[in-house]
>>> print(open('run-v4.pdb').read())   # PDB, C-alpha atoms
ATOM      1  CA  MET J  12      55.791  -2.258  -8.391
ATOM      2  CA  LYS J  13      57.161  -5.787  -8.485
ATOM      3  CA  PRO J  14      54.715  -8.558  -9.461
ATOM      4  CA  ILE J  15      55.054 -10.278  -6.088
ATOM      5  CA  ARG J  16      54.206  -7.069  -4.232
ATOM      6  CA  LEU J  17      51.245  -6.452  -6.513
ATOM      7  CA  LEU J  18      50.058  -9.996  -5.835
ATOM      8  CA  TRP J  19      50.317  -9.492  -2.075
ATOM      9  CA  LEU J  20      48.435  -6.193  -2.380
ATOM     10  CA  VAL J  21      45.629  -7.901  -4.294
ATOM     11  CA  VAL J  22      45.498 -10.660  -1.674
ATOM     12  CA  LEU J  23      45.347  -8.166   1.184
ATOM     13  CA  VAL J  24      42.597  -6.139  -0.506
ATOM     14  CA  ALA J  25      40.631  -9.328  -1.176
ATOM     15  CA  LEU J  26      41.005 -10.461   2.437
ATOM     16  CA  ALA J  27      39.996  -7.039   3.770
ATOM     17  CA  TRP J  28      36.963  -6.920   1.470
ATOM     18  CA  SER J  29      35.982 -10.483   2.440
ATOM     19  CA  ALA J  30      36.252  -9.609   6.118
ATOM     20  CA  TRP J  31      34.160  -6.489   5.589
ATOM     21  CA  TRP J  32      31.502  -8.447   3.696
ATOM     22  CA  GLY J  33      31.525 -11.204   6.321
ATOM     23  CA  TRP J  34      31.049  -8.676   9.105
ATOM     24  CA  GLY J  35      28.192  -7.039   7.194
ATOM     25  CA  ALA J  36      26.534 -10.408   6.507
ATOM     26  CA  TRP J  37      26.814 -11.459  10.160
ATOM     27  CA  HIS J  38      25.474  -8.089  11.313
ATOM     28  CA  ALA J  39      22.535  -8.256   8.874
ATOM     29  CA  LYS J  40      21.576 -11.755  10.009
ATOM     30  CA  SER J  41      21.926 -10.965  13.718
ATOM     31  CA  ASP J  42      19.881  -7.751  13.371
ATOM     32  CA  LEU J  43      17.076  -9.602  11.582
ATOM     33  CA  THR J  44      17.106 -12.401  14.147
ATOM     34  CA  ALA J  45      17.035  -9.850  16.972
ATOM     35  CA  TRP J  46      14.046  -8.081  15.365
ATOM     36  CA  LEU J  47      12.098 -11.341  15.171
ATOM     37  CA  GLU J  48      12.974 -12.148  18.771
ATOM     38  CA  GLU J  49      11.789  -8.663  19.774
ATOM     39  CA  ARG J  50       8.442  -9.394  18.147
ATOM     40  CA  ARG J  51       8.121 -12.483  20.301
ATOM     41  CA  ALA J  52       8.975 -10.473  23.404
ATOM     42  CA  ALA J  53       6.280  -7.948  22.405
ATOM     43  CA  GLY J  54       3.653 -10.708  22.331
ATOM     44  CA  TRP J  55       3.698 -11.548  18.631
ATOM     45  CA  GLN J  56       4.090 -15.001  17.161
ATOM     46  CA  ALA J  57       7.276 -15.112  15.079
ATOM     47  CA  GLU J  58       8.382 -18.406  13.536
ATOM     48  CA  TRP J  59      10.939 -19.194  10.839
ATOM     49  CA  SER J  60      13.085 -22.134   9.813
ATOM     50  CA  ASP J  61      16.221 -20.380   8.531
ATOM     51  CA  ILE J  62      17.820 -17.032   7.716
ATOM     52  CA  GLU J  63      20.376 -17.189   4.901
ATOM     53  CA  VAL J  64      22.654 -14.377   3.764
ATOM     54  CA  LYS J  65      24.176 -14.404   0.265
ATOM     55  CA  GLY J  66      25.539 -11.917  -2.257
ATOM     56  CA  TYR J  67      29.322 -11.908  -1.865
ATOM     57  CA  PRO J  68      31.170  -9.769  -2.806
ATOM     58  CA  THR J  69      28.919  -6.696  -3.175
ATOM     59  CA  ARG J  70      25.442  -7.646  -1.959
ATOM     60  CA  ILE J  71      23.799  -8.457   1.349
ATOM     61  CA  ASP J  72      20.738 -10.530   0.412
ATOM     62  CA  ARG J  73      18.736 -12.002   3.292
ATOM     63  CA  THR J  74      16.213 -14.815   2.752
ATOM     64  CA  ILE J  75      13.904 -15.928   5.555
ATOM     65  CA  THR J  76      12.255 -19.305   4.911
ATOM     66  CA  ASN J  77       8.944 -20.626   6.269
ATOM     67  CA  LEU J  78       8.104 -17.303   7.898
ATOM     68  CA  THR J  79       5.028 -16.772  10.071
ATOM     69  CA  LEU J  80       4.204 -13.471  11.762
ATOM     70  CA  ALA J  81       1.123 -13.038  13.913
ATOM     71  CA  ASN J  82      -0.121 -10.027  15.840
ATOM     72  CA  THR J  83      -2.118 -11.666  18.613
ATOM     73  CA  ASP J  84      -3.744  -8.382  19.670
ATOM     74  CA  GLY J  85      -4.804  -7.563  16.108
ATOM     75  CA  GLY J  86      -5.906 -11.123  15.369
ATOM     76  CA  TRP J  87      -4.049 -11.510  12.054
ATOM     77  CA  VAL J  88      -1.528 -14.120  10.919
ATOM     78  CA  TRP J  89       0.672 -13.828   7.802
ATOM     79  CA  SER J  90       2.662 -16.799   6.534
ATOM     80  CA  ALA J  91       4.906 -17.245   3.503
ATOM     81  CA  PRO J  92       7.364 -19.863   2.246
ATOM     82  CA  PHE J  93      10.029 -17.144   2.123
ATOM     83  CA  PHE J  94      10.636 -13.404   2.280
ATOM     84  CA  GLN J  95      13.686 -11.578   0.935
ATOM     85  CA  ILE J  96      15.438  -8.348   1.885
ATOM     86  CA  LEU J  97      18.014  -7.489  -0.777
ATOM     87  CA  GLY J  98      20.632  -4.742  -0.754
ATOM     88  CA  LEU J  99      24.175  -3.605  -1.397
ATOM     89  CA  ASN J 100      26.664  -3.887   1.435
ATOM     90  CA  TYR J 101      27.814  -0.287   0.825
ATOM     91  CA  ALA J 102      24.266   1.193   0.604
ATOM     92  CA  LYS J 103      22.572   0.043   3.792
ATOM     93  CA  ASP J 104      19.834   2.699   3.631
ATOM     94  CA  HIS J 105      18.295   1.168   0.491
ATOM     95  CA  VAL J 106      16.657  -2.264   0.382
ATOM     96  CA  ILE J 107      14.579  -4.271  -2.080
ATOM     97  CA  LEU J 108      11.750  -6.389  -0.654
ATOM     98  CA  VAL J 109      10.577  -9.528  -2.451
ATOM     99  CA  TRP J 110       7.407 -11.401  -1.561
ATOM    100  CA  PRO J 111       6.766 -14.983  -2.753
ATOM    101  CA  ASP J 112       4.191 -15.942  -5.382
ATOM    102  CA  THR J 113       1.946 -17.530  -2.736
ATOM    103  CA  MET J 114       1.076 -16.336   0.792
ATOM    104  CA  GLN J 115      -1.628 -16.756   3.424
ATOM    105  CA  LEU J 116      -3.294 -14.038   5.506
ATOM    106  CA  GLN J 117      -5.658 -14.970   8.302
ATOM    107  CA  THR J 118      -7.847 -12.404  10.050
ATOM    108  CA  PRO J 119     -10.378 -12.879  12.857
ATOM    109  CA  TYR J 120     -13.024 -13.312  10.150
ATOM    110  CA  GLU J 121     -11.468 -15.205   7.230
ATOM    111  CA  ARG J 122      -8.437 -16.818   5.637
ATOM    112  CA  ILE J 123      -7.160 -15.228   2.414
ATOM    113  CA  SER J 124      -4.901 -16.946  -0.106
ATOM    114  CA  ILE J 125      -2.727 -14.406  -1.954
ATOM    115  CA  THR J 126      -0.927 -15.133  -5.215
ATOM    116  CA  GLY J 127       1.041 -12.948  -7.616
ATOM    117  CA  LYS J 128       3.566 -13.005 -10.436
ATOM    118  CA  ASP J 129       5.881 -10.181  -9.379
ATOM    119  CA  LEU J 130       5.541  -8.706  -5.889
ATOM    120  CA  LYS J 131       8.362  -6.320  -5.010
ATOM    121  CA  GLY J 132       9.122  -3.137  -3.119
ATOM    122  CA  SER J 133      11.944  -0.607  -2.896
ATOM    123  CA  LEU J 134      12.564   1.386   0.302
ATOM    124  CA  THR J 135      15.081   4.166   0.959
ATOM    125  CA  PHE J 136      15.629   5.417   4.519
ATOM    126  CA  VAL J 137      16.896   8.757   5.795
ATOM    127  CA  PRO J 138      20.545   8.247   6.832
ATOM    128  CA  GLY J 139      21.274   8.573  10.536
ATOM    129  CA  THR J 140      17.654   8.068  11.693
ATOM    130  CA  ASP J 141      15.665   5.227  13.231
ATOM    131  CA  GLN J 142      15.029   3.945   9.714
ATOM    132  CA  GLU J 143      12.683   6.804   8.836
ATOM    133  CA  LEU J 144      11.271   6.218   5.378
ATOM    134  CA  GLU J 145      12.442   8.652   2.714
ATOM    135  CA  GLU J 146      11.094   7.094  -0.479
ATOM    136  CA  GLY J 147       9.179   3.912  -1.107
ATOM    137  CA  THR J 148       7.719   2.077  -4.101
ATOM    138  CA  LEU J 149       5.617  -1.090  -4.201
ATOM    139  CA  VAL J 150       4.865  -2.922  -7.457
ATOM    140  CA  PHE J 151       2.448  -5.849  -7.495
ATOM    141  CA  LYS J 152       1.641  -7.703 -10.734
ATOM    142  CA  GLY J 153      -0.907 -10.433 -11.257
ATOM    143  CA  LEU J 154      -2.177 -10.081  -7.696
ATOM    144  CA  LYS J 155      -5.115 -12.303  -6.739
ATOM    145  CA  MET J 156      -6.849 -12.790  -3.390
ATOM    146  CA  VAL J 157      -9.221 -15.679  -2.653
ATOM    147  CA  SER J 158     -11.070 -15.794   0.663
ATOM    148  CA  ASP J 159     -12.646 -18.779   2.364
ATOM    149  CA  ALA J 160     -15.541 -16.376   3.038
ATOM    150  CA  GLY J 161     -16.465 -16.788  -0.624
ATOM    151  CA  TRP J 162     -15.079 -13.730  -2.383
ATOM    152  CA  THR J 163     -12.313 -13.225  -4.951
ATOM    153  CA  SER J 164     -10.484 -10.053  -5.982
ATOM    154  CA  SER J 165      -7.646  -9.440  -8.417
ATOM    155  CA  VAL J 166      -5.428  -6.683  -9.807
ATOM    156  CA  ALA J 167      -3.495  -6.874 -13.068
ATOM    157  CA  GLU J 168      -0.944  -4.341 -11.825
ATOM    158  CA  ALA J 169      -0.704  -2.011  -8.839
ATOM    159  CA  ARG J 170       1.931   0.631  -8.074
ATOM    160  CA  VAL J 171       2.176   2.672  -4.893
ATOM    161  CA  ALA J 172       4.897   5.298  -4.401
ATOM    162  CA  THR J 173       5.661   7.877  -1.723
ATOM    163  CA  ARG J 174       8.273  10.548  -1.056
ATOM    164  CA  PRO J 175       8.474  13.822   0.904
ATOM    165  CA  VAL J 176       6.807  16.802  -0.765
ATOM    166  CA  ALA J 177       9.614  18.947  -2.166
ATOM    167  CA  GLY J 178      10.333  22.019  -0.035
ATOM    168  CA  LEU J 179       7.882  21.152   2.757
ATOM    169  CA  ASP J 180       8.428  19.515   6.133
ATOM    170  CA  GLY J 181       5.652  17.048   6.919
ATOM    171  CA  PRO J 182       3.455  16.124   3.958
ATOM    172  CA  ARG J 183       4.323  13.235   1.687
ATOM    173  CA  ASP J 184       3.517  12.716  -1.972
ATOM    174  CA  VAL J 185       1.507   9.515  -2.401
ATOM    175  CA  GLY J 186       0.817   8.100  -5.843
ATOM    176  CA  ILE J 187      -1.374   5.095  -6.605
ATOM    177  CA  ASP J 188      -1.851   3.509 -10.027
ATOM    178  CA  ILE J 189      -4.063   0.420 -10.371
ATOM    179  CA  ILE J 190      -4.825  -1.332 -13.646
ATOM    180  CA  GLY J 191      -7.407  -4.076 -14.138
ATOM    181  CA  LEU J 192      -9.081  -4.170 -10.724
ATOM    182  CA  THR J 193     -11.724  -6.838 -10.181
ATOM    183  CA  PRO J 194     -13.415  -5.785  -6.914
ATOM    184  CA  ARG J 195     -14.296  -8.253  -4.191
ATOM    185  CA  ALA J 196     -17.880  -7.010  -3.701
ATOM    186  CA  PRO J 197     -20.379  -9.749  -4.670
ATOM    187  CA  VAL J 198     -22.962  -7.091  -5.563
ATOM    188  CA  ILE J 199     -20.649  -5.756  -8.294
ATOM    189  CA  GLN J 200     -20.290  -9.242  -9.707
ATOM    190  CA  HIS J 201     -24.082  -9.511  -9.881
ATOM    191  CA  LEU J 202     -24.291  -6.120 -11.592
ATOM    192  CA  ALA J 203     -21.629  -7.211 -14.092
ATOM    193  CA  LYS J 204     -23.558 -10.392 -14.895
ATOM    194  CA  ALA J 205     -26.648  -8.242 -15.452
ATOM    195  CA  GLY J 206     -24.660  -6.086 -17.907
ATOM    196  CA  LEU J 207     -24.968  -2.903 -15.846
ATOM    197  CA  VAL J 208     -21.215  -2.468 -15.342
ATOM    198  CA  PRO J 209     -18.027  -4.238 -16.486
ATOM    199  CA  ALA J 210     -16.619  -6.806 -14.075
ATOM    200  CA  THR J 211     -13.226  -5.030 -14.082
ATOM    201  CA  VAL J 212     -12.388  -1.417 -13.267
ATOM    202  CA  ASP J 213     -10.069  -0.279 -16.096
ATOM    203  CA  THR J 214      -7.889   2.168 -14.149
ATOM    204  CA  LEU J 215      -7.783   3.789 -10.743
ATOM    205  CA  LYS J 216      -5.249   6.564 -10.097
ATOM    206  CA  ALA J 217      -4.552   8.850  -7.163
ATOM    207  CA  ASP J 218      -2.196  11.797  -6.720
ATOM    208  CA  LEU J 219      -2.193  12.919  -3.076
ATOM    209  CA  ALA J 220      -0.218  14.944  -0.531
ATOM    210  CA  VAL J 221      -0.743  13.381   2.897
ATOM    211  CA  THR J 222       0.368  14.601   6.331
ATOM    212  CA  PHE J 223       0.563  11.817   8.926
ATOM    213  CA  ASP J 224       0.437  12.087  12.700
ATOM    214  CA  GLN J 225       3.963  10.624  12.997
ATOM    215  CA  PRO J 226       6.833   9.723  10.673
ATOM    216  CA  TRP J 227       6.926   6.360   8.919
ATOM    217  CA  THR J 228       9.684   4.510  10.765
ATOM    218  CA  ARG J 229      10.283   0.858  11.539
ATOM    219  CA  ALA J 230       9.391   1.471  15.189
ATOM    220  CA  ALA J 231       6.117   3.184  14.254
ATOM    221  CA  VAL J 232       5.096   0.294  12.017
ATOM    222  CA  GLU J 233       5.862  -2.182  14.803
ATOM    223  CA  ARG J 234       3.549  -0.395  17.252
ATOM    224  CA  GLU J 235       0.760   1.653  15.693
ATOM    225  CA  ARG J 236       0.751   2.686  12.072
ATOM    226  CA  PRO J 237       0.991   6.424  11.291
ATOM    227  CA  GLN J 238      -2.472   7.773  10.531
ATOM    228  CA  PRO J 239      -3.386  10.462   7.954
ATOM    229  CA  ARG J 240      -4.484  13.825   9.316
ATOM    230  CA  ASP J 241      -4.537  16.188   6.293
ATOM    231  CA  ILE J 242      -5.034  15.030   2.698
ATOM    232  CA  GLU J 243      -4.692  17.193  -0.378
ATOM    233  CA  ILE J 244      -6.444  15.339  -3.183
ATOM    234  CA  ARG J 245      -4.776  16.663  -6.305
ATOM    235  CA  GLU J 246      -6.632  14.063  -8.327
ATOM    236  CA  ILE J 247      -8.349  10.728  -7.923
ATOM    237  CA  ALA J 248      -9.531   9.315 -11.239
ATOM    238  CA  ALA J 249     -11.363   6.105 -12.040
ATOM    239  CA  LYS J 250     -12.455   4.672 -15.392
ATOM    240  CA  TRP J 251     -14.968   1.838 -15.303
ATOM    241  CA  GLY J 252     -16.255   1.053 -18.758
ATOM    242  CA  GLN J 253     -18.253   4.106 -19.855
ATOM    243  CA  LEU J 254     -18.239   5.532 -16.350
ATOM    244  CA  GLU J 255     -15.574   8.097 -15.395
ATOM    245  CA  LEU J 256     -15.090   9.776 -12.046
ATOM    246  CA  ARG J 257     -12.614  12.457 -10.921
ATOM    247  CA  PHE J 258     -12.135  13.933  -7.452
ATOM    248  CA  ALA J 259     -10.101  16.898  -6.195
ATOM    249  CA  GLY J 260     -10.139  18.761  -2.904
ATOM    250  CA  ASP J 261      -8.886  18.868   0.676
ATOM    251  CA  VAL J 262     -10.013  16.854   3.678
ATOM    252  CA  THR J 263      -8.938  16.403   7.288
ATOM    253  CA  VAL J 264      -9.110  13.204   9.326
ATOM    254  CA  SER J 265      -9.943  13.282  13.045
ATOM    255  CA  ASP J 266      -8.367  11.077  15.701
ATOM    256  CA  SER J 267     -11.344   8.726  15.351
ATOM    257  CA  GLY J 268     -10.860   8.583  11.575
ATOM    258  CA  ARG J 269     -13.867  10.697  10.607
ATOM    259  CA  ILE J 270     -13.363  12.693   7.392
ATOM    260  CA  ALA J 271     -14.284  16.385   7.068
ATOM    261  CA  GLY J 272     -13.808  18.739   4.131
ATOM    262  CA  GLU J 273     -14.945  19.346   0.575
ATOM    263  CA  VAL J 274     -14.152  17.487  -2.628
ATOM    264  CA  MET J 275     -15.182  18.458  -6.136
ATOM    265  CA  VAL J 276     -16.561  15.544  -8.124
ATOM    266  CA  LYS J 277     -16.653  15.387 -11.900
ATOM    267  CA  ALA J 278     -18.668  12.500 -13.286
ATOM    268  CA  THR J 279     -19.133  11.474 -16.902
ATOM    269  CA  ASN J 280     -22.263   9.412 -17.653
ATOM    270  CA  TRP J 281     -23.327  10.094 -14.073
ATOM    271  CA  GLN J 282     -26.839   8.745 -14.639
ATOM    272  CA  GLU J 283     -25.380   5.266 -15.077
ATOM    273  CA  ILE J 284     -23.313   5.718 -11.898
ATOM    274  CA  LEU J 285     -26.480   6.653 -10.012
ATOM    275  CA  THR J 286     -28.296   3.624 -11.382
ATOM    276  CA  VAL J 287     -25.449   1.337 -10.329
ATOM    277  CA  ALA J 288     -25.522   2.835  -6.821
ATOM    278  CA  ARG J 289     -29.246   2.169  -6.594
ATOM    279  CA  GLN J 290     -28.988  -1.356  -7.995
ATOM    280  CA  SER J 291     -26.147  -2.204  -5.584
ATOM    281  CA  GLY J 292     -28.117  -1.004  -2.566
ATOM    282  CA  ALA J 293     -25.590   1.730  -1.785
ATOM    283  CA  LEU J 294     -28.252   4.372  -2.545
ATOM    284  CA  PRO J 295     -31.687   3.832  -0.944
ATOM    285  CA  ASP J 296     -34.763   4.202  -3.161
ATOM    286  CA  ALA J 297     -36.039   7.008  -0.944
ATOM    287  CA  VAL J 298     -32.923   9.045  -1.777
ATOM    288  CA  PHE J 299     -32.598   8.081  -5.431
ATOM    289  CA  ASP J 300     -35.520  10.047  -6.909
ATOM    290  CA  PRO J 301     -34.887  13.443  -5.221
ATOM    291  CA  LEU J 302     -31.133  13.091  -5.788
ATOM    292  CA  GLN J 303     -31.602  12.266  -9.477
ATOM    293  CA  THR J 304     -33.918  15.268  -9.875
ATOM    294  CA  ALA J 305     -31.475  17.626  -8.158
ATOM    295  CA  LEU J 306     -28.464  16.367 -10.126
ATOM    296  CA  THR J 307     -30.347  16.551 -13.407
ATOM    297  CA  LEU J 308     -31.091  20.207 -12.703
ATOM    298  CA  ILE J 309     -27.473  20.941 -11.730
ATOM    299  CA  SER J 310     -26.035  19.207 -14.798
ATOM    300  CA  SER J 311     -28.448  20.992 -17.148
ATOM    301  CA  LEU J 312     -27.420  24.335 -15.647
ATOM    302  CA  ALA J 313     -23.786  23.395 -16.350
ATOM    303  CA  GLY J 314     -24.670  22.868 -19.995
ATOM    304  CA  SER J 315     -24.203  19.091 -20.304
ATOM    305  CA  SER J 316     -26.598  16.376 -19.229
ATOM    306  CA  LYS J 317     -23.828  13.730 -19.318
ATOM    307  CA  THR J 318     -21.201  15.556 -17.238
ATOM    308  CA  LEU J 319     -21.654  16.556 -13.625
ATOM    309  CA  ASP J 320     -19.502  18.940 -11.561
ATOM    310  CA  ILE J 321     -20.618  19.082  -7.972
ATOM    311  CA  PRO J 322     -19.131  19.451  -4.473
ATOM    312  CA  LEU J 323     -19.065  16.454  -2.146
ATOM    313  CA  VAL J 324     -19.105  17.836   1.402
ATOM    314  CA  PHE J 325     -18.226  15.988   4.616
ATOM    315  CA  GLU J 326     -19.436  17.994   7.596
ATOM    316  CA  SER J 327     -20.594  17.228  11.145
ATOM    317  CA  GLY J 328     -20.351  13.509  10.510
ATOM    318  CA  ARG J 329     -22.586  13.660   7.401
ATOM    319  CA  THR J 330     -21.988  13.417   3.666
ATOM    320  CA  TRP J 331     -23.692  15.871   1.306
ATOM    321  CA  ILE J 332     -23.871  15.763  -2.494
ATOM    322  CA  GLY J 333     -24.715  19.341  -3.315
ATOM    323  CA  PRO J 334     -27.772  20.137  -1.184
ATOM    324  CA  VAL J 335     -28.744  16.501  -0.600
ATOM    325  CA  PRO J 336     -27.598  14.524   2.501
ATOM    326  CA  VAL J 337     -26.756  10.978   1.476
ATOM    327  CA  GLY J 338     -25.475   9.376   4.678
ATOM    328  CA  ALA J 339     -22.725   9.353   7.280
ATOM    329  CA  ALA J 340     -19.304  10.777   6.505
ATOM    330  CA  PRO J 341     -16.786   8.012   5.784
ATOM    331  CA  THR J 342     -13.964   7.040   8.120
ATOM    332  CA  LEU J 343     -10.329   6.440   7.219
ATOM    333  CA  ARG J 344      -7.923   4.561   9.450
ATOM    334  CA  LEU J 345      -4.950   2.511   8.334
ATOM    335  CA  PRO J 346      -4.936  -1.024   9.779
TER     336      PRO J 346
END
>>> encode(input="run-v4.pdb", output="structure tokens")
Amino acid sequence: MKPIRLLWLVVLVALAWSAWWGWGAWHAKSDLTAWLEERRAAGWQAEWSDIEVKGYPTRIDRTITNLTLANTDGGWVWSAPFFQILGLNYAKDHVILVWPDTMQLQTPYERISITGKDLKGSLTFVPGTDQELEEGTLVFKGLKMVSDAGWTSSVAEARVATRPVAGLDGPRDVGIDIIGLTPRAPVIQHLAKAGLVPATVDTLKADLAVTFDQPWTRAAVERERPQPRDIEIREIAAKWGQLELRFAGDVTVSDSGRIAGEVMVKATNWQEILTVARQSGALPDAVFDPLQTALTLISSLAGSSKTLDIPLVFESGRTWIGPVPVGAAPTLRLP
């Protein structure tokens, strides 16, 4: 091929690629603008100062500046100096989400300042669907929340991941890994100052298979979040100083959010856990003595006074630890 023809070919390819990228950038910006306008039409507050698209020649990176989203029915307002949606122009079903280092969340009860060092997410959608989620990963590092109601909570690192369970239609694998959690509860801070427990939970891990009442799609998130209905707890493990807890079992969640089912609990140094529950007010004094007596008997029958293996039963709206009722069954409903 002659040099001049090769040059013209390169020019034509470059022009075609530029036109393709320009069309993709325009489409990405117009789709995002349309989505924000749809939120307004649905009764939300949606404000922003600019939407910028960069990344030529291979990326479509959208940056929204001075973004405010408010669900007037739910009573919450989220605002951030920017929010980014990053992706490749030839892989539109995969995006990277980037949150800023500082954000504000206002609820009907309080205003929360949120800061972090590295707040990112990766989402992959099923091709040819209404953006149905296939796989998702969120990674938050150095996350801290400060409320004007007087509480503070922080996490050194948190990872949440989900994907369909291999070979099954419906349930999703959900993995959670939290390191260095400082809980918001003031009572725990008082217990930590008294030396009863550390101020920070070392690790909290969960390996679950969850079936939701509807698929996770963009449309579902815009209206009412999918709610869990069946949960297989392969393992939930927490290490808090000398205290260790592990859970495994199966539970169902009713339309109202009430949990029913049975979970096996393995507790190391369970006496200290019981003492913390009593000191925090979570376990009434009237329940503490008979429960401690019953658990001491059960643990001695198992051969170890420091380790406890016992079923936690949720039935008829009540929670039972072995033979002892300890209160109402918990509820679970995603906001």
>>> atom_distance(input="run-v4.pdb", atom1="atom CA of Gly328 of chain J", atom2="atom CA of Ser267 of chain J")
11.3 Å
>>> closest_residue(input="run-v4.pdb", among="J:Ile15, J:Ile199, J:Leu319, J:Ile75", to="Trp162 of chain J", atoms="all atoms listed in the file")
J:Ile199
>>> resolve_selection(input="run-v4.pdb", expression="the PyMOL selection byres ((chain J and resi 318) around 8)", output="MDAnalysis selection string")
chainID J and resid 277:281 310 315:317 319:320
>>> resolve_selection(input="run-v4.pdb", expression="the PyMOL selection byres ((chain J and resi 182-189) around 7)", output="PyMOL selection string")
chain J and resi 168-176+179-181+190-192+214-222
>>> resolve_selection(input="run-v4.pdb", expression="the PyMOL selection byres ((chain J and resi 337) around 10)", output="MDAnalysis selection string")
chainID J and resid 293:295 298:299 302 329:336 338:340
>>> atom_distance(input="run-v4.pdb", atom1="atom CA of Ile96 of chain J", atom2="atom CA of Ile62 of chain J")
10.7 Å
>>> atom_distance(input="run-v4.pdb", atom1="atom CA of Gly268 of chain J", atom2="atom CA of Arg344 of chain J")
5.4 Å
>>> closest_atom_pairs(input="run-v4.pdb", of="segment 61-139 of chain J", to="segment 30-41 of chain J", cutoff="7 Å", atoms="all atoms listed in the file", output="tab-separated table")
residue	atom	partner	partner_atom	distance
J:Ile62	CA	J:Lys40	CA	6.9
J:Val64	CA	J:Ala36	CA	6.2
J:Tyr67	CA	J:Trp32	CA	6.9
J:Pro68	CA	J:Trp32	CA	6.6
J:Ile71	CA	J:Ala36	CA	6.2
J:Asn100	CA	J:Gly35	CA	6.7
>>> closest_residue(input="run-v4.pdb", among="J:Lys128, J:Thr140, J:Glu145, J:Leu306", to="Ala167 of chain J", atoms="only C-alpha atoms")
J:Lys128
>>> closest_atom_pairs(input="run-v4.pdb", of="segment 22-89 of chain J", to="segment 112-123 of chain J", cutoff="12 Å", atoms="only C-alpha atoms", output="Markdown table")
| residue | atom | partner | partner_atom | distance |
| --- | --- | --- | --- | --- |
| J:Asn77 | CA | J:Met114 | CA | 10.5 |
| J:Leu78 | CA | J:Met114 | CA | 10.0 |
| J:Thr79 | CA | J:Gln115 | CA | 9.4 |
| J:Leu80 | CA | J:Leu116 | CA | 9.8 |
| J:Ala81 | CA | J:Gln117 | CA | 9.0 |
| J:Asn82 | CA | J:Thr118 | CA | 9.9 |
| J:Thr83 | CA | J:Pro119 | CA | 10.1 |
| J:Asp84 | CA | J:Pro119 | CA | 10.5 |
| J:Gly85 | CA | J:Thr118 | CA | 8.3 |
| J:Gly86 | CA | J:Pro119 | CA | 5.4 |
| J:Trp87 | CA | J:Thr118 | CA | 4.4 |
| J:Val88 | CA | J:Gln117 | CA | 5.0 |
| J:Trp89 | CA | J:Leu116 | CA | 4.6 |
>>> axis_aligned_box(input="run-v4.pdb", around="segment 224-236 of chain J", padding_each_side="4 Å", output="JSON")
{"center_x": 5.4, "center_y": 5.0, "center_z": 13.1, "size_x": 17.8, "size_y": 22.3, "size_z": 16.3}
>>> closest_residue(input="run-v4.pdb", among="J:Gln282, J:Thr76, J:Ser165, J:Ser133", to="Thr304 of chain J", atoms="all atoms listed in the file")
J:Gln282
>>> closest_residue(input="run-v4.pdb", among="J:Asp213, J:Glu255, J:Asp300, J:Glu235", to="Glu283 of chain J", atoms="all atoms listed in the file")
J:Glu255
>>> build_atoms(input="run-v4.pdb", residues="segment 149-160 of chain J", atoms="N, CA and C atoms", output="mmCIF file, in the frame of the given file")
data_model
loop_
_atom_site.group_PDB
_atom_site.id
_atom_site.type_symbol
_atom_site.label_atom_id
_atom_site.label_comp_id
_atom_site.auth_asym_id
_atom_site.auth_seq_id
_atom_site.Cartn_x
_atom_site.Cartn_y
_atom_site.Cartn_z
ATOM 1 N N LEU J 149 6.089 0.287 -4.176
ATOM 2 C CA LEU J 149 5.617 -1.090 -4.201
ATOM 3 C C LEU J 149 5.034 -1.363 -5.572
ATOM 4 N N VAL J 150 5.384 -2.514 -6.146
ATOM 5 C CA VAL J 150 4.865 -2.922 -7.457
ATOM 6 C C VAL J 150 4.355 -4.349 -7.333
ATOM 7 N N PHE J 151 3.056 -4.531 -7.547
ATOM 8 C CA PHE J 151 2.448 -5.849 -7.495
ATOM 9 C C PHE J 151 1.830 -6.147 -8.862
ATOM 10 N N LYS J 152 2.188 -7.292 -9.444
ATOM 11 C CA LYS J 152 1.641 -7.703 -10.734
ATOM 12 C C LYS J 152 0.949 -9.052 -10.596
ATOM 13 N N GLY J 153 -0.174 -9.177 -11.287
ATOM 14 C CA GLY J 153 -0.907 -10.433 -11.257
ATOM 15 C C GLY J 153 -1.384 -10.815 -9.872
ATOM 16 N N LEU J 154 -1.784 -9.836 -9.082
ATOM 17 C CA LEU J 154 -2.177 -10.081 -7.696
ATOM 18 C C LEU J 154 -3.610 -10.623 -7.650
ATOM 19 N N LYS J 155 -3.784 -11.702 -6.888
ATOM 20 C CA LYS J 155 -5.115 -12.303 -6.739
ATOM 21 C C LYS J 155 -5.313 -12.718 -5.291
ATOM 22 N N MET J 156 -6.505 -12.436 -4.759
ATOM 23 C CA MET J 156 -6.849 -12.790 -3.390
ATOM 24 C C MET J 156 -8.128 -13.617 -3.389
ATOM 25 N N VAL J 157 -8.077 -14.776 -2.737
ATOM 26 C CA VAL J 157 -9.221 -15.679 -2.653
ATOM 27 C C VAL J 157 -9.493 -15.952 -1.185
ATOM 28 N N SER J 158 -10.710 -15.649 -0.741
ATOM 29 C CA SER J 158 -11.070 -15.794 0.663
ATOM 30 C C SER J 158 -11.940 -17.024 0.869
ATOM 31 N N ASP J 159 -11.760 -17.661 2.044
ATOM 32 C CA ASP J 159 -12.646 -18.779 2.364
ATOM 33 C C ASP J 159 -14.027 -18.288 2.763
ATOM 34 N N ALA J 160 -14.214 -16.935 2.818
ATOM 35 C CA ALA J 160 -15.541 -16.376 3.038
ATOM 36 C C ALA J 160 -16.355 -16.297 1.746
#
